[in-house]
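The next block holds one structure in the form of C-alpha cells; read it before the comments.
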Amino acid sequence: MTSLLLLAAVGRATGEPATPLRPGEEVLKRYLAAAGSQRAALRDVSMQVDIQADIPSLKKSGRLTALRHISKVGKVTYEVLSFMGDNMIKKDVIARYMTAEVKSSSNGDAEAIAINTHNYRFRYRGAYGDGDWRLHLFELKPRRKRAGLFEGWLWVEDRTGLPVRESGRFVTTPSVFLKRVEFVRDYEIRDGLALPSSIASDIVTRVVGLARINIRFHGISFNGARGEQHSQTAALFR
C-alpha cells in the first residue's frame, strides 16, 4: 500500500501518469490530432478520378473519368469528362454511387461521420513493420447506426499518425438503391497529408445485384490561398 501511495505521489509531483499508457494509446492520440488537421486541409481542392465499374453477373463494365471538387465547406461535386462502356453501368452503378456521395456531403456535418472517439470505439490490434515504415492497426466499432459510419479497420502510420488504409462495411447505406457497401480506401502520405489514392468497393444493389467499383485519384490540386499555403508546406518536406 505504501509503495502505491508513493507511486501516485510521484506521478502528481512530476505531472506524469502513475501508470503506463495502454498499447496504442499514444498512436491514437497522434491520429486524432492529425485527423482534425487532415479534414480541414482537404477542403477547397480538386482532383481527377477514374472510376471503373463492373457487374460480374451480367458481364457489363464501364469507365468514367471526372473532376471531383470539394468546396470550402466540404460539399462534393463532379464534372464528368468522359465515359466508355455499357450505359447500364453509367446509369445504375456509377451515377448512383456519385449521387449518394454528393447527397451525403451536402448535409454539411462532416463531424457526424468523422473517425473519432465520439463516433467510434477503437480497439488496438497491434503494430506491424519496423524502421521508417511502422503501421498500427485499430478495429473500429461505430457507437451508433448512422449513414456514413462503418464497422471495420483503420491502419495508422506511426510517425505522422496519418491514416494509410480504412476498410469495412457501412452500417447503413447512403441510398435506397444500395443494400450493402464494403470498401477498402487507401491513402498516400505526401507533404504531411494523407491524400486519397484509391477506393475499391463491392456494392450489392437492389437493381443489378453485385457491382464492383474501383476508383483511382490523380492530380490533387489545392485551390486559392490554400494552394499557396500547401506549396510552402510541401517545400519543407523536400
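Chain labels A, B, ... are given in the sequence in which chains occur in the C-alpha cells; within each chain residues are numbered consecutively from 1, and ligands are likewise numbered from 1 in the order shown.
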- Excluding same-chain residues fewer than 2 positions from stretch 110-113 of chain A, what lies within 10 Å of it counting only C-alpha atoms, as a list in words?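 In the requested form, the answer reads Gly36, Arg39, Val73, Gly74, Lys75, Ser104, Ser105, Ser106, Asn107, Gly108, Ile115, Asn116, His118, Asn119, Tyr120, Pro142, Arg146, Ala147, Gly148, Leu149 and Phe150 of chain A.
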Requested write-out: N, CA and C atoms of the selected residues, as a PDB file, in the first residue's frame:
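What follows is the written file selection.pdb:
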ATOM      1  N   GLY A  36      -7.971  15.843 -37.391  1.00  0.00           N
ATOM      2  CA  GLY A  36      -8.630  17.143 -37.425  1.00  0.00           C
ATOM      3  C   GLY A  36      -8.007  18.069 -38.444  1.00  0.00           C
ATOM      4  N   ARG A  39      -8.824  16.820 -42.138  1.00  0.00           N
ATOM      5  CA  ARG A  39     -10.145  17.167 -42.664  1.00  0.00           C
ATOM      6  C   ARG A  39     -10.192  18.618 -43.117  1.00  0.00           C
ATOM      7  N   VAL A  73     -16.636  24.202 -47.752  1.00  0.00           N
ATOM      8  CA  VAL A  73     -17.473  23.668 -46.669  1.00  0.00           C
ATOM      9  C   VAL A  73     -17.614  22.152 -46.747  1.00  0.00           C
ATOM     10  N   GLY A  74     -16.861  21.517 -47.672  1.00  0.00           N
ATOM     11  CA  GLY A  74     -16.838  20.066 -47.746  1.00  0.00           C
ATOM     12  C   GLY A  74     -17.835  19.437 -48.700  1.00  0.00           C
ATOM     13  N   LYS A  75     -18.541  20.246 -49.489  1.00  0.00           N
ATOM     14  CA  LYS A  75     -19.511  19.687 -50.433  1.00  0.00           C
ATOM     15  C   LYS A  75     -18.797  19.137 -51.658  1.00  0.00           C
ATOM     16  N   SER A 104     -24.620  12.942 -49.500  1.00  0.00           N
ATOM     17  CA  SER A 104     -24.065  12.820 -48.154  1.00  0.00           C
ATOM     18  C   SER A 104     -23.257  14.054 -47.768  1.00  0.00           C
ATOM     19  N   SER A 105     -22.455  14.572 -48.708  1.00  0.00           N
ATOM     20  CA  SER A 105     -21.617  15.731 -48.416  1.00  0.00           C
ATOM     21  C   SER A 105     -22.446  17.002 -48.276  1.00  0.00           C
ATOM     22  N   SER A 106     -23.638  17.023 -48.861  1.00  0.00           N
ATOM     23  CA  SER A 106     -24.479  18.226 -48.814  1.00  0.00           C
ATOM     24  C   SER A 106     -25.104  18.439 -47.444  1.00  0.00           C
ATOM     25  N   ASN A 107     -25.073  17.401 -46.597  1.00  0.00           N
ATOM     26  CA  ASN A 107     -25.637  17.543 -45.256  1.00  0.00           C
ATOM     27  C   ASN A 107     -24.840  18.534 -44.419  1.00  0.00           C
ATOM     28  N   GLY A 108     -23.559  18.744 -44.787  1.00  0.00           N
ATOM     29  CA  GLY A 108     -22.754  19.763 -44.133  1.00  0.00           C
ATOM     30  C   GLY A 108     -22.309  19.432 -42.725  1.00  0.00           C
ATOM     31  N   ILE A 115     -13.975   9.898 -38.217  1.00  0.00           N
ATOM     32  CA  ILE A 115     -13.421   8.788 -37.431  1.00  0.00           C
ATOM     33  C   ILE A 115     -12.784   9.385 -36.189  1.00  0.00           C
ATOM     34  N   ASN A 116     -13.558   9.440 -35.112  1.00  0.00           N
ATOM     35  CA  ASN A 116     -13.085   9.964 -33.836  1.00  0.00           C
ATOM     36  C   ASN A 116     -13.743   9.199 -32.698  1.00  0.00           C
ATOM     37  N   HIS A 118     -15.888  10.150 -30.590  1.00  0.00           N
ATOM     38  CA  HIS A 118     -17.307  10.426 -30.408  1.00  0.00           C
ATOM     39  C   HIS A 118     -18.156   9.468 -31.236  1.00  0.00           C
ATOM     40  N   ASN A 119     -17.675   9.098 -32.411  1.00  0.00           N
ATOM     41  CA  ASN A 119     -18.448   8.241 -33.316  1.00  0.00           C
ATOM     42  C   ASN A 119     -18.051   6.773 -33.259  1.00  0.00           C
ATOM     43  N   TYR A 120     -16.822   6.479 -32.775  1.00  0.00           N
ATOM     44  CA  TYR A 120     -16.309   5.106 -32.828  1.00  0.00           C
ATOM     45  C   TYR A 120     -15.683   4.665 -31.507  1.00  0.00           C
ATOM     46  N   PRO A 142     -18.677   1.408 -34.678  1.00  0.00           N
ATOM     47  CA  PRO A 142     -19.443   2.651 -34.560  1.00  0.00           C
ATOM     48  C   PRO A 142     -20.319   2.653 -33.308  1.00  0.00           C
ATOM     49  N   ARG A 146     -25.541   5.057 -38.126  1.00  0.00           N
ATOM     50  CA  ARG A 146     -25.736   6.303 -38.859  1.00  0.00           C
ATOM     51  C   ARG A 146     -25.096   6.169 -40.237  1.00  0.00           C
ATOM     52  N   ALA A 147     -25.758   6.716 -41.239  1.00  0.00           N
ATOM     53  CA  ALA A 147     -25.208   6.687 -42.596  1.00  0.00           C
ATOM     54  C   ALA A 147     -23.837   7.356 -42.618  1.00  0.00           C
ATOM     55  N   GLY A 148     -22.872   6.683 -43.248  1.00  0.00           N
ATOM     56  CA  GLY A 148     -21.517   7.203 -43.327  1.00  0.00           C
ATOM     57  C   GLY A 148     -20.566   6.572 -42.337  1.00  0.00           C
ATOM     58  N   LEU A 149     -21.090   5.915 -41.298  1.00  0.00           N
ATOM     59  CA  LEU A 149     -20.245   5.201 -40.338  1.00  0.00           C
ATOM     60  C   LEU A 149     -20.087   3.758 -40.780  1.00  0.00           C
ATOM     61  N   PHE A 150     -18.959   3.143 -40.433  1.00  0.00           N
ATOM     62  CA  PHE A 150     -18.693   1.777 -40.862  1.00  0.00           C
ATOM     63  C   PHE A 150     -18.071   0.962 -39.730  1.00  0.00           C
TER      64      PHE A 150
END
Find the residues of stretch 44-100 of chain A that sit at most 10 Å from stretch 171-195 of chain A; for each, write down the nearest two atoms and how far apart they are in Å, to one decimal. Count only C-alpha atoms. Sort by chain, then by number going up, and give it as a Markdown table.
| residue | atom | partner | partner_atom | distance |
| --- | --- | --- | --- | --- |
| A:Asp92 | CA | A:Phe177 | CA | 8.9 |
| A:Val93 | CA | A:Leu178 | CA | 9.5 |
| A:Arg96 | CA | A:Phe177 | CA | 7.8 |
| A:Tyr97 | CA | A:Ser175 | CA | 8.5 |
| A:Thr99 | CA | A:Ser175 | CA | 8.7 |
| A:Ala100 | CA | A:Pro174 | CA | 5.7 |
- Can you list, as a ChimeraX atom specification, every residue of stretch 104-238 of chain A that DSSP puts in strand (DSSP E)? /A:120-130,133-142,150-157,163-170,178-190,193-205,209-222
- Message: Can you pull out the residues contacting A:Ser37? Cut-off 12 Å, using only C-alpha atoms, and skip same-chain residues under 5 positions away; I want them as a PyMOL selection string.
- Response: chain A and resi 30-32+42-43+160-162+192-194
- Task: Point out the residue among A:Glu157, A:Gly152, A:Glu79, A:Ser71 with the least atom-to-atom distance to A:Asp130, counting only C-alpha atoms.
- Result: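 Under the stated criterion, the closest residue is A:Glu157.
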- Task: Per DSSP on the backbone, filter stretch 24-189 of chain A down to the residues in alpha helix (DSSP H) and report them as a count of residues only.
- Result: 32
- Task: Using only C-alpha atoms, determine which residues lie at most 10 Å from A:Leu81, disregarding the query and same-chain residues fewer than 5 positions distant; provide the list as a ChimeraX atom specification.
- Result: /A:48-50,64-67
- Nearest to A:Asp44, chosen from A:Leu58, A:Ile70, A:Leu154, A:Val76, with only C-alpha atoms counted in the distances: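 Between A:Leu58, A:Ile70, A:Leu154, A:Val76, the residue approaching A:Asp44 most closely is A:Ile70.
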- Query: Nearest to A:Glu25: which of A:Val80, A:Ala40, A:Ala53, A:Leu137 is it, counting only C-alpha atoms?
  - Reply: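 Looking only at the distances to A:Glu25, the closest residue turns out to be A:Leu137.
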